[in-house]
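S.K.: So here's target_33.csv (CSV, C-alpha atoms).
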```csv
chain,number,residue,atom,x,y,z
U,1,MET,CA,-24.7,-3.7,18.4
U,2,GLU,CA,-22.6,-3.0,15.3
U,3,ARG,CA,-20.5,-5.8,13.9
U,4,VAL,CA,-17.3,-6.2,11.9
U,5,THR,CA,-17.6,-8.8,9.1
U,6,ALA,CA,-14.6,-10.5,7.5
U,7,THR,CA,-14.6,-12.6,4.3
U,8,TYR,CA,-12.1,-15.5,4.2
U,9,TYR,CA,-11.1,-17.8,1.4
U,10,ILE,CA,-10.4,-21.1,3.1
U,11,GLU,CA,-9.3,-24.7,2.4
U,12,THR,CA,-10.0,-27.5,4.8
U,13,PRO,CA,-9.9,-31.3,4.9
U,14,TYR,CA,-12.9,-31.2,7.2
U,15,ALA,CA,-16.6,-30.3,6.6
U,16,VAL,CA,-16.5,-26.6,5.7
U,17,GLU,CA,-19.3,-25.8,8.2
U,18,ALA,CA,-17.4,-27.4,11.0
U,19,ALA,CA,-14.1,-25.6,10.1
U,20,ALA,CA,-15.9,-22.3,9.9
U,21,GLN,CA,-17.3,-22.8,13.4
U,22,VAL,CA,-13.8,-23.5,14.7
U,23,LEU,CA,-12.6,-20.3,13.2
U,24,ALA,CA,-15.4,-18.3,14.8
U,25,GLY,CA,-14.9,-20.0,18.2
U,26,GLU,CA,-11.1,-19.7,18.4
U,27,GLN,CA,-11.2,-16.0,17.4
U,28,SER,CA,-13.8,-15.0,20.0
U,29,SER,CA,-15.0,-16.7,23.2
U,30,GLY,CA,-14.1,-20.4,22.5
U,31,THR,CA,-11.1,-22.7,22.6
U,32,PHE,CA,-10.5,-26.3,21.8
U,33,VAL,CA,-12.6,-27.5,24.7
U,34,ALA,CA,-15.6,-26.2,26.7
U,35,VAL,CA,-14.5,-24.2,29.7
U,36,PRO,CA,-16.3,-22.9,32.8
U,37,GLY,CA,-17.6,-19.4,32.3
U,38,GLU,CA,-18.5,-19.7,28.6
U,39,THR,CA,-22.1,-19.3,29.3
U,40,GLU,CA,-24.8,-19.0,26.7
U,41,GLU,CA,-25.2,-15.4,27.7
U,42,LEU,CA,-21.5,-14.7,27.2
U,43,LYS,CA,-21.5,-16.4,23.8
U,44,GLN,CA,-24.6,-14.6,22.7
U,45,ARG,CA,-22.8,-11.3,23.4
U,46,PHE,CA,-19.2,-12.0,22.4
U,47,ALA,CA,-19.0,-15.1,20.2
U,48,ALA,CA,-18.2,-14.6,16.6
U,49,ARG,CA,-20.9,-15.7,14.1
U,50,VAL,CA,-20.6,-17.6,10.8
U,51,GLU,CA,-22.8,-15.5,8.6
U,52,ASN,CA,-22.4,-17.2,5.2
U,53,ILE,CA,-20.7,-20.1,3.5
U,54,GLU,CA,-20.2,-20.3,-0.3
U,55,LEU,CA,-18.8,-23.7,-1.3
U,56,LEU,CA,-16.3,-23.7,-4.1
U,57,GLU,CA,-14.2,-26.5,-5.6
U,58,THR,CA,-12.7,-29.6,-3.9
U,59,VAL,CA,-9.0,-30.5,-4.7
U,60,ASP,CA,-6.7,-33.5,-4.1
U,61,HIS,CA,-3.7,-31.7,-2.7
U,62,PRO,CA,-3.5,-29.1,0.2
U,63,ALA,CA,-2.4,-25.6,-0.5
U,64,ILE,CA,-0.2,-25.5,2.6
U,65,PRO,CA,0.7,-28.0,5.2
U,66,GLY,CA,-1.9,-28.8,7.9
U,67,ALA,CA,-4.2,-31.6,8.8
U,68,ILE,CA,-4.2,-34.7,6.5
U,69,SER,CA,-7.5,-35.5,4.9
U,70,SER,CA,-8.9,-38.9,5.7
U,71,THR,CA,-10.6,-38.8,2.3
U,72,GLY,CA,-7.8,-37.3,0.3
U,73,LYS,CA,-10.0,-34.3,-0.5
U,74,TYR,CA,-9.6,-30.7,0.5
U,75,HIS,CA,-12.6,-28.3,0.3
U,76,ARG,CA,-12.5,-24.7,-0.6
U,77,ALA,CA,-15.0,-22.0,0.3
U,78,MET,CA,-15.7,-18.3,0.9
U,79,VAL,CA,-16.8,-17.8,4.5
U,80,LYS,CA,-18.1,-14.7,6.2
U,81,VAL,CA,-17.6,-14.3,9.9
U,82,SER,CA,-18.7,-11.4,12.1
U,83,TRP,CA,-17.8,-10.0,15.5
U,84,SER,CA,-19.5,-7.5,17.7
U,85,ILE,CA,-17.4,-4.3,18.1
U,86,GLU,CA,-17.8,-4.9,21.8
U,87,ASN,CA,-15.0,-7.4,21.5
U,88,PHE,CA,-12.3,-4.9,20.5
U,89,GLY,CA,-13.9,-1.4,20.2
U,90,TYR,CA,-11.7,0.8,18.1
U,91,ASN,CA,-8.4,-0.8,19.0
U,92,LEU,CA,-6.8,-1.5,15.6
U,93,PRO,CA,-4.1,-3.9,16.9
U,94,VAL,CA,-6.7,-6.0,18.7
U,95,LEU,CA,-9.0,-5.9,15.6
U,96,ILE,CA,-6.1,-7.2,13.5
U,97,SER,CA,-5.4,-9.9,16.1
U,98,THR,CA,-9.0,-10.9,15.9
U,99,LEU,CA,-9.2,-11.0,12.1
U,100,GLN,CA,-5.7,-12.3,11.4
U,101,GLY,CA,-4.4,-13.9,14.6
U,102,ASN,CA,-3.9,-17.5,15.5
U,103,LEU,CA,-6.5,-18.7,13.0
U,104,TYR,CA,-3.6,-19.1,10.4
U,105,GLU,CA,-2.2,-21.8,12.7
U,106,ILE,CA,-5.4,-23.8,13.2
U,107,THR,CA,-4.9,-27.3,11.9
U,108,GLN,CA,-8.4,-27.4,10.4
U,109,PHE,CA,-7.1,-25.2,7.6
U,110,THR,CA,-4.8,-26.0,4.8
U,111,GLY,CA,-5.4,-22.6,3.3
U,112,LEU,CA,-6.8,-19.3,4.6
U,113,LYS,CA,-6.7,-15.8,3.3
U,114,LEU,CA,-8.5,-12.7,4.5
U,115,ILE,CA,-10.2,-11.3,1.5
U,116,ASP,CA,-12.3,-8.3,2.7
U,117,ILE,CA,-13.5,-6.5,5.8
U,118,ASP,CA,-16.9,-4.7,6.2
U,119,LEU,CA,-16.6,-2.0,8.9
U,120,PRO,CA,-19.5,-0.4,10.7
U,121,ALA,CA,-20.5,3.2,10.3
U,122,SER,CA,-19.1,4.2,13.7
U,123,TYR,CA,-15.6,3.5,12.4
U,124,GLY,CA,-16.1,6.3,10.0
U,125,ASN,CA,-16.8,8.7,12.9
U,126,HIS,CA,-14.0,7.4,15.2
U,127,PHE,CA,-11.2,7.3,12.6
U,128,SER,CA,-10.6,10.3,10.4
U,129,GLY,CA,-8.6,8.5,7.6
U,130,PRO,CA,-5.9,10.2,5.5
U,131,ALA,CA,-5.2,13.8,6.4
U,132,PHE,CA,-4.3,14.7,2.8
U,133,GLY,CA,-5.3,11.8,0.5
U,134,ILE,CA,-5.3,12.3,-3.3
U,135,GLU,CA,-6.5,15.8,-3.4
U,136,GLY,CA,-4.3,17.0,-0.6
U,137,CYS,CA,-1.2,15.4,-2.1
U,138,LYS,CA,-1.8,16.9,-5.5
U,139,LYS,CA,-2.3,20.3,-4.0
U,140,LEU,CA,0.9,20.0,-2.0
U,141,ALA,CA,2.8,19.1,-5.2
U,142,GLY,CA,1.1,21.8,-7.4
U,143,VAL,CA,-0.5,19.1,-9.7
U,144,SER,CA,-3.9,19.1,-11.2
U,145,GLY,CA,-5.5,17.2,-14.1
U,146,ARG,CA,-2.7,14.6,-14.5
U,147,PRO,CA,-0.9,12.0,-12.4
U,148,MET,CA,1.9,12.9,-10.1
U,149,ILE,CA,5.2,11.9,-11.6
U,150,GLY,CA,7.8,10.6,-9.1
U,151,THR,CA,11.0,8.7,-8.7
U,152,ILE,CA,13.2,7.0,-6.1
U,153,ILE,CA,16.7,8.0,-5.3
U,154,LYS,CA,19.1,5.4,-6.8
U,155,PRO,CA,21.5,3.8,-6.0
U,156,SER,CA,19.2,2.9,-3.1
U,157,ILE,CA,22.0,3.4,-0.5
U,158,GLY,CA,25.5,4.7,-0.6
U,159,LEU,CA,25.1,8.3,-1.9
U,160,THR,CA,26.1,11.2,0.3
U,161,PRO,CA,23.7,13.9,1.2
U,162,GLU,CA,25.4,16.2,-1.2
U,163,GLN,CA,25.1,13.6,-4.1
U,164,THR,CA,21.5,13.1,-3.2
U,165,ALA,CA,20.8,16.9,-3.3
U,166,ALA,CA,22.6,17.2,-6.6
U,167,MET,CA,20.3,14.6,-8.1
U,168,VAL,CA,17.2,16.3,-6.6
U,169,ARG,CA,18.3,19.6,-8.3
U,170,THR,CA,18.5,17.9,-11.6
U,171,LEU,CA,15.1,16.3,-11.1
U,172,ALA,CA,13.6,19.6,-9.9
U,173,ASP,CA,14.7,21.4,-13.0
U,174,ALA,CA,13.0,18.8,-15.1
U,175,GLY,CA,9.7,19.3,-13.3
U,176,ILE,CA,9.4,16.2,-11.1
U,177,ASP,CA,6.6,16.2,-8.6
U,178,PHE,CA,7.7,13.7,-6.1
U,179,ILE,CA,10.9,12.0,-4.9
U,180,LYS,CA,11.5,9.5,-2.1
U,181,ASP,CA,14.2,7.8,-0.2
U,182,ASP,CA,14.5,4.1,-1.0
U,183,GLU,CA,13.1,1.9,1.8
U,184,LEU,CA,16.6,0.6,2.4
U,185,LEU,CA,17.8,4.0,3.6
U,186,SER,CA,16.9,5.9,6.6
U,187,ALA,CA,20.3,6.8,8.0
U,188,SER,CA,23.6,5.2,6.9
U,189,ALA,CA,27.2,5.6,7.6
U,190,ASN,CA,27.7,8.3,5.0
U,191,SER,CA,24.2,9.8,4.9
U,192,SER,CA,22.8,10.8,8.3
U,193,PHE,CA,19.1,11.6,8.3
U,194,GLU,CA,19.6,15.1,9.5
U,195,ASN,CA,22.3,16.0,7.0
U,196,ARG,CA,20.3,14.5,4.1
U,197,VAL,CA,17.2,16.5,5.1
U,198,ASP,CA,19.3,19.7,5.3
U,199,ALA,CA,20.9,19.2,1.9
U,200,VAL,CA,17.8,18.1,0.1
U,201,MET,CA,15.5,20.7,1.6
U,202,GLN,CA,17.9,23.5,0.7
U,203,VAL,CA,17.5,22.5,-2.9
U,204,ILE,CA,13.7,22.1,-2.7
U,205,ASN,CA,13.1,25.3,-0.8
U,206,GLU,CA,15.3,27.3,-3.3
U,207,TYR,CA,13.4,25.8,-6.2
U,208,ALA,CA,10.1,26.6,-4.5
U,209,ASP,CA,11.2,30.2,-3.9
U,210,LYS,CA,12.1,30.5,-7.6
U,211,THR,CA,9.1,28.7,-9.2
U,212,GLY,CA,6.4,28.5,-6.6
U,213,LYS,CA,6.3,24.7,-6.9
U,214,LYS,CA,7.4,22.7,-3.8
U,215,ILE,CA,8.5,19.2,-4.7
U,216,MET,CA,7.3,16.5,-2.3
U,217,TYR,CA,10.3,14.5,-1.0
U,218,ALA,CA,9.3,11.6,1.2
U,219,PHE,CA,12.1,11.1,3.7
U,220,ASN,CA,12.2,7.6,5.2
U,221,ILE,CA,11.5,8.1,8.9
U,222,SER,CA,11.0,4.4,9.7
U,223,GLY,CA,12.5,3.4,13.0
U,224,ASP,CA,11.6,3.3,16.7
U,225,ILE,CA,8.7,5.6,17.5
U,226,ASP,CA,10.8,8.2,19.3
U,227,ASP,CA,13.2,8.4,16.4
U,228,MET,CA,10.3,8.6,14.0
U,229,GLN,CA,8.7,11.5,15.8
U,230,ARG,CA,12.0,13.3,16.0
U,231,ARG,CA,12.7,12.8,12.3
U,232,TYR,CA,9.1,13.9,11.5
U,233,GLY,CA,9.7,17.2,13.4
U,234,LYS,CA,13.0,17.7,11.5
U,235,ILE,CA,11.2,17.5,8.2
U,236,VAL,CA,8.4,19.9,9.4
U,237,LYS,CA,11.0,22.4,10.7
U,238,SER,CA,12.9,22.2,7.4
U,239,GLY,CA,9.8,23.0,5.3
U,240,GLY,CA,9.2,19.5,4.0
U,241,THR,CA,5.8,18.2,3.1
U,242,SER,CA,6.1,14.4,3.2
U,243,ALA,CA,7.5,11.4,5.0
U,244,MET,CA,7.8,7.8,4.2
U,245,ILE,CA,7.0,4.8,6.5
U,246,SER,CA,7.7,1.1,5.8
U,247,ILE,CA,4.3,0.3,7.2
U,248,ASN,CA,4.7,-3.5,7.6
U,249,SER,CA,8.0,-3.0,9.4
U,250,VAL,CA,6.9,-0.3,11.9
U,251,GLY,CA,3.4,-1.6,12.5
U,252,ILE,CA,-0.1,-0.2,12.8
U,253,SER,CA,0.3,1.6,16.1
U,254,ALA,CA,3.4,3.5,15.1
U,255,THR,CA,2.0,4.4,11.7
U,256,LYS,CA,-1.3,5.6,13.2
U,257,LYS,CA,0.7,7.7,15.7
U,258,ILE,CA,2.7,9.4,13.0
U,259,CYS,CA,-0.3,9.9,10.7
U,260,SER,CA,-2.2,11.6,13.6
U,261,LEU,CA,0.3,14.5,13.6
U,262,HIS,CA,-1.4,15.7,10.4
U,263,GLN,CA,1.5,18.0,9.2
U,264,LEU,CA,3.1,15.8,6.6
U,265,ALA,CA,1.6,13.6,3.9
U,266,ILE,CA,2.5,10.0,4.7
U,267,HIS,CA,3.8,7.8,2.0
U,268,GLY,CA,3.0,4.2,3.0
U,269,HIS,CA,5.5,1.7,1.5
U,270,ARG,CA,4.3,-1.9,1.7
U,271,ASN,CA,7.7,-3.6,1.3
U,272,GLY,CA,7.3,-7.2,2.6
U,273,TRP,CA,3.9,-7.4,0.8
U,274,GLY,CA,4.8,-10.6,-1.0
U,275,MET,CA,5.2,-12.4,2.4
U,276,LEU,CA,1.6,-11.4,3.2
U,277,ASN,CA,-0.1,-12.0,-0.2
U,278,ARG,CA,1.9,-14.0,-2.7
U,279,HIS,CA,0.4,-17.4,-1.9
U,280,PRO,CA,-3.1,-17.6,-3.3
U,281,LEU,CA,-4.4,-19.3,-0.1
U,282,LEU,CA,-2.5,-17.6,2.6
U,283,GLY,CA,-2.3,-14.1,4.1
U,284,ILE,CA,-4.4,-11.1,3.2
U,285,ASP,CA,-5.8,-9.7,0.0
U,286,PHE,CA,-5.1,-6.0,-0.8
U,287,THR,CA,-8.8,-5.1,-0.6
U,288,ALA,CA,-8.8,-5.9,3.1
U,289,TYR,CA,-5.2,-4.7,3.7
U,290,GLN,CA,-5.8,-1.2,2.3
U,291,LYS,CA,-8.8,-0.6,4.6
U,292,ILE,CA,-6.7,-1.2,7.7
U,293,TRP,CA,-4.1,1.4,6.6
U,294,ARG,CA,-6.7,3.9,5.5
U,295,LEU,CA,-8.1,3.7,9.1
U,296,ALA,CA,-4.5,4.4,10.3
U,297,GLY,CA,-4.4,7.5,8.1
U,298,VAL,CA,-1.9,6.7,5.3
U,299,ASP,CA,-2.1,9.2,2.5
U,300,GLN,CA,-0.3,7.2,-0.3
U,301,LEU,CA,-0.2,3.5,-0.6
U,302,HIS,CA,1.9,1.3,-3.0
U,303,VAL,CA,-0.1,-0.9,-5.4
U,304,ASN,CA,2.8,-2.3,-7.6
U,305,GLY,CA,2.5,-1.4,-11.3
U,306,ILE,CA,1.3,-2.7,-14.7
U,307,GLN,CA,3.8,-5.1,-16.4
U,308,ASN,CA,5.9,-4.9,-13.2
U,309,LYS,CA,9.2,-6.5,-12.4
U,310,PHE,CA,7.6,-8.5,-9.5
U,311,TRP,CA,5.2,-11.5,-9.5
U,312,GLU,CA,1.9,-9.7,-9.3
U,313,SER,CA,-0.5,-9.9,-12.2
U,314,ASP,CA,-1.9,-6.8,-14.0
U,315,ASP,CA,-5.4,-7.8,-12.9
U,316,SER,CA,-4.3,-7.7,-9.3
U,317,VAL,CA,-2.7,-4.3,-9.7
U,318,VAL,CA,-5.8,-2.9,-11.3
U,319,THR,CA,-8.0,-4.2,-8.5
U,320,SER,CA,-5.7,-2.6,-6.0
U,321,VAL,CA,-5.8,0.8,-7.7
U,322,LYS,CA,-9.6,0.6,-7.7
U,323,ALA,CA,-9.7,-0.4,-4.1
U,324,CYS,CA,-7.8,2.7,-3.1
U,325,LEU,CA,-10.1,4.9,-5.2
U,326,THR,CA,-13.3,3.4,-3.8
U,327,PRO,CA,-14.8,5.7,-1.2
U,328,MET,CA,-14.7,4.5,2.5
U,329,PHE,CA,-17.0,6.5,4.8
U,330,ASP,CA,-16.5,10.2,4.1
U,331,HIS,CA,-12.8,9.9,4.4
U,332,ARG,CA,-10.2,11.1,1.9
U,333,ARG,CA,-9.0,8.4,-0.5
U,334,PRO,CA,-5.4,7.4,-0.4
U,335,MET,CA,-3.4,8.0,-3.5
U,336,PRO,CA,-2.4,4.7,-5.3
U,337,VAL,CA,1.3,4.6,-5.9
U,338,LEU,CA,2.3,2.7,-9.1
U,339,SER,CA,5.9,1.5,-8.9
U,340,SER,CA,8.2,-1.5,-9.7
U,341,GLY,CA,10.0,-1.5,-13.0
U,342,GLN,CA,7.8,1.3,-14.4
U,343,TRP,CA,8.7,3.5,-17.4
U,344,GLY,CA,6.5,5.5,-19.8
U,345,GLY,CA,5.7,2.4,-21.9
U,346,GLN,CA,3.2,1.1,-19.3
U,347,ALA,CA,1.3,4.4,-19.0
U,348,PRO,CA,-1.2,3.7,-21.9
U,349,GLU,CA,-2.2,0.3,-20.6
U,350,THR,CA,-2.4,1.7,-17.0
U,351,TYR,CA,-4.7,4.5,-18.1
U,352,ARG,CA,-6.8,2.2,-20.3
U,353,ARG,CA,-7.4,-0.2,-17.5
U,354,THR,CA,-7.9,2.2,-14.6
U,355,GLN,CA,-9.3,5.3,-16.4
U,356,THR,CA,-7.8,7.6,-13.8
U,357,THR,CA,-5.0,10.1,-13.4
U,358,ASP,CA,-5.4,10.1,-9.6
U,359,VAL,CA,-2.2,8.2,-9.1
U,360,LEU,CA,1.4,8.7,-8.2
U,361,TYR,CA,3.4,7.1,-11.1
U,362,MET,CA,6.9,6.4,-10.0
U,363,ALA,CA,9.9,5.2,-12.0
U,364,GLY,CA,13.4,4.7,-10.5
U,365,GLY,CA,15.5,3.3,-13.3
U,366,GLY,CA,12.9,4.4,-15.8
U,367,ILE,CA,13.8,8.0,-15.1
U,368,LEU,CA,17.4,7.9,-13.8
U,369,ALA,CA,18.6,5.5,-16.5
U,370,HIS,CA,17.1,7.4,-19.4
U,371,PRO,CA,19.6,7.5,-22.2
U,372,LEU,CA,19.4,11.3,-22.5
U,373,GLY,CA,19.7,11.7,-18.7
U,374,ALA,CA,17.4,12.0,-15.7
U,375,ALA,CA,15.8,15.2,-16.8
U,376,ALA,CA,14.7,13.7,-20.1
U,377,GLY,CA,13.5,10.7,-18.1
U,378,VAL,CA,11.0,13.0,-16.2
U,379,THR,CA,9.9,14.6,-19.5
U,380,ALA,CA,9.4,11.1,-21.1
U,381,LEU,CA,7.0,10.1,-18.3
U,382,GLN,CA,5.1,13.3,-18.6
U,383,GLN,CA,4.8,12.8,-22.4
U,384,ALA,CA,3.8,9.1,-21.9
U,385,TRP,CA,0.9,10.0,-19.7
U,386,GLN,CA,-0.3,12.9,-21.9
U,387,ALA,CA,-0.2,10.4,-24.8
U,388,ALA,CA,-2.1,7.8,-22.7
U,389,VAL,CA,-4.9,10.3,-21.9
U,390,ASP,CA,-5.0,11.4,-25.5
U,391,GLY,CA,-5.5,7.8,-26.6
U,392,LEU,CA,-2.2,7.5,-28.5
U,393,SER,CA,-0.4,4.2,-29.0
U,394,ILE,CA,3.2,3.8,-27.9
U,395,GLU,CA,4.3,4.0,-31.5
U,396,GLU,CA,2.3,7.2,-32.1
U,397,ALA,CA,3.7,8.8,-28.9
U,398,ALA,CA,7.2,7.9,-29.9
U,399,ASN,CA,6.8,9.6,-33.3
U,400,LEU,CA,5.5,12.7,-31.5
U,401,TYR,CA,7.8,13.0,-28.5
U,402,PRO,CA,11.6,12.6,-28.8
U,403,GLU,CA,12.3,12.0,-25.1
U,404,PHE,CA,9.7,9.3,-25.0
U,405,ALA,CA,11.0,7.8,-28.2
U,406,ALA,CA,14.5,7.4,-26.6
U,407,SER,CA,12.9,5.6,-23.6
U,408,VAL,CA,11.2,3.2,-26.0
U,409,LYS,CA,14.5,2.3,-27.5
U,410,LYS,CA,16.1,1.8,-24.1
U,411,PHE,CA,13.3,0.1,-22.2
U,412,GLY,CA,10.9,-1.1,-24.8
U,413,LYS,CA,12.3,-4.6,-25.2
U,414,LYS,CA,12.2,-5.1,-21.4
```
Mind converting the file's structure to structure tokens?
M.R.:
Amino acid sequence: MERVTATYYIETPYAVEAAAQVLAGEQSSGTFVAVPGETEELKQRFAARVENIELLETVDHPAIPGAISSTGKYHRAMVKVSWSIENFGYNLPVLISTLQGNLYEITQFTGLKLIDIDLPASYGNHFSGPAFGIEGCKKLAGVSGRPMIGTIIKPSIGLTPEQTAAMVRTLADAGIDFIKDDELLSASANSSFENRVDAVMQVINEYADKTGKKIMYAFNISGDIDDMQRRYGKIVKSGGTSAMISINSVGISATKKICSLHQLAIHGHRNGWGMLNRHPLLGIDFTAYQKIWRLAGVDQLHVNGIQNKFWESDDSVVTSVKACLTPMFDHRRPMPVLSSGQWGGQAPETYRRTQTTDVLYMAGGGILAHPLGAAAGVTALQQAWQAAVDGLSIEEAANLYPEFAASVKKFGKK
């Protein structure tokens, strides 16, 4: 019988082997005490197994509150645990409950993080993965041989549909590939979802009729599932190609339902990510996280950005980009979305470290606050990526491209 294997980074004041067995028992057939009915036959079929333990360092202070060590020492290790798929089948919420459920609350652990998941071959047949992925999104946006360049409507909230549409027109004329609502806006007092779609899609459709290029605009449909489906239908009817979901907010089931409609490319915004990952010994690593959302069918997935405005290191961002680009079964790969304080100046280092143009490179203020205007902001990002691929330094690119040079003067010191 096929098995799902999870890798955990743990810290415990107890013997590592004993703590690992508690994890396996609590997350399958066992509990804190032996109970009638937990026969050897049942355990053989349904109990989780500790497959491997790699001992790491021992420290003097716990990473998070939990049991007090009688020796004053806390042991860290990498632990692999596996479950038969008979336990949960292809039910993603129950899979998540198994891999990430109450085990975070077990007192035997003063640190626990889900690092990776190994999924059996049948998952590749049962789940279809992203409907569009990297290749499909680039095709929708009319892009080839370079990154998709995108932006976020700013201010995040407060603009009317007409003001938003006017900004979209400016960005369209500059050659933008992708625009999205901010995650803080779905429908507000002065910008109903329906009116915003009508105003924005009129601009996008007119531009497509004129040029043959249809800009992707990811409208934020996050909400109750009925509202999400209704809003999804509104975008399709209006000729749109994309929708955005705050995946941590709406959950795996709602996301999977929307992705299964297969008419729009789904932009997966991971806001709330820091709550899940920021502590080095608590939560879930992106390598494991992105596999779950790929199963759900997300086409684009945020990975932060090089030299970002948040807490995440460049090494972590690069690892996340590569995780999205790593094949999983025969599914399409989700497009990594580089965002968070980005402007053209990070393009050379991003390309040097990832060696790919299969990304959506998004700049909010980096485009909209360009000293020569938003249109020049789009041009500056296009120039920055051309320079990056050509192996030019920031200084060399600034000497060659005036729009990029202006952005260096504005954002370079930041």
S.K.: Taking (-21.6, -13.7, 22.8) in the coordinates of the supplied file, I want to know which residues reach to within 12 Å of it, counting only C-alpha atoms; could you give the answer as a ChimeraX atom specification?
M.R.: /U:1,3,24-25,27-30,37-49,82-87
S.K.: Hey, what's within 12 Å of Leu392 in chain U if we count only C-alpha atoms and toss same-chain stuff fewer than 6 positions away? As a PyMOL selection string, please?
M.R.: chain U and resi 345+347-349+351-352+383-386+398-401
S.K.: Considering only C-alpha atoms, state which residue in the set U:Val337, U:Gly272, U:Asn277, U:Glu11 is at the smallest distance from His302 in chain U.
M.R.: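 Counting only C-alpha atoms, the residue closest to His302 in chain U is U:Val337.
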S.K.: Which one of U:Asp299, U:Asp226, U:Asp209, U:Asp330 sits closest to His269 in chain U if you count all atoms listed in the file?
M.R.: U:Asp299
S.K.: Considering only C-alpha atoms, state which residue in the set U:Lys138, U:Gly223, U:Lys237, U:Glu312 is at the smallest distance from Ser249 in chain U.
M.R.: U:Gly223
S.K.: Which residues are near Trp273 in chain U? Cut-off 12 Å, only C-alpha atoms, ignore same chain within fewer than 5 positions. Put them as a ChimeraX atom specification.
M.R.: /U:246-249,268,278-279,283-286,289-290,301-304,310-312
S.K.: List every protein, DNA or RNA residue with an atom no more than 10 Å from (19.6, 15.1, -8.4) in the file's coordinates, counting only C-alpha atoms, and format the result as a VMD selection string.
M.R.: chain U and resid 153 to 154 162 to 173 179 200 203 368 374 to 375
S.K.: For a test of reading the model, state the distance in Å between CA of Tyr217 in chain U and CA of Phe178 in chain U, rounded to one decimal.
M.R.: 5.8 Å
S.K.: Using only C-alpha atoms, pick whichever of U:Arg353, U:Lys256, U:Lys80, U:Lys409 has the shortest atom-to-atom distance to Leu114 in chain U.
M.R.: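 Ranked by minimum distance to Leu114 in chain U, first place goes to U:Lys80.
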S.K.: Work out how far CA of Gly373 in chain U is from CA of Ser186 in chain U, in Å to one decimal.
M.R.: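 Separation between CA of Ser186 in chain U and CA of Gly373 in chain U: 26.1 Å.
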S.K.: May I ask which of the residues U:Asn91, U:Asn220, U:Thr107, U:Thr287 is the closest one to Ala6 in chain U, counting all atoms listed in the file?
M.R.: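 Distance minimum relative to Ala6 in chain U lands on U:Thr287.
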S.K.: Excluding Gln307 in chain U and its own-chain neighbours fewer than 2 positions away, which residues fall within 9 Å of it when counting only C-alpha atoms? Please give them as a list in words.
M.R.: Gly305, Lys309, Phe310, Glu312, Ser313, Asp314, Ser340, Gly341, Gln342 and Gln346 of chain U
S.K.: Give the answer as one residue: which of U:Arg230, U:Lys214, U:His331, U:Lys291 has the shortest atom-to-atom distance to His126 in chain U, using all atoms listed in the file?
M.R.: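 Going through U:Arg230, U:Lys214, U:His331, U:Lys291 one by one, the smallest distance to His126 in chain U is for U:His331.
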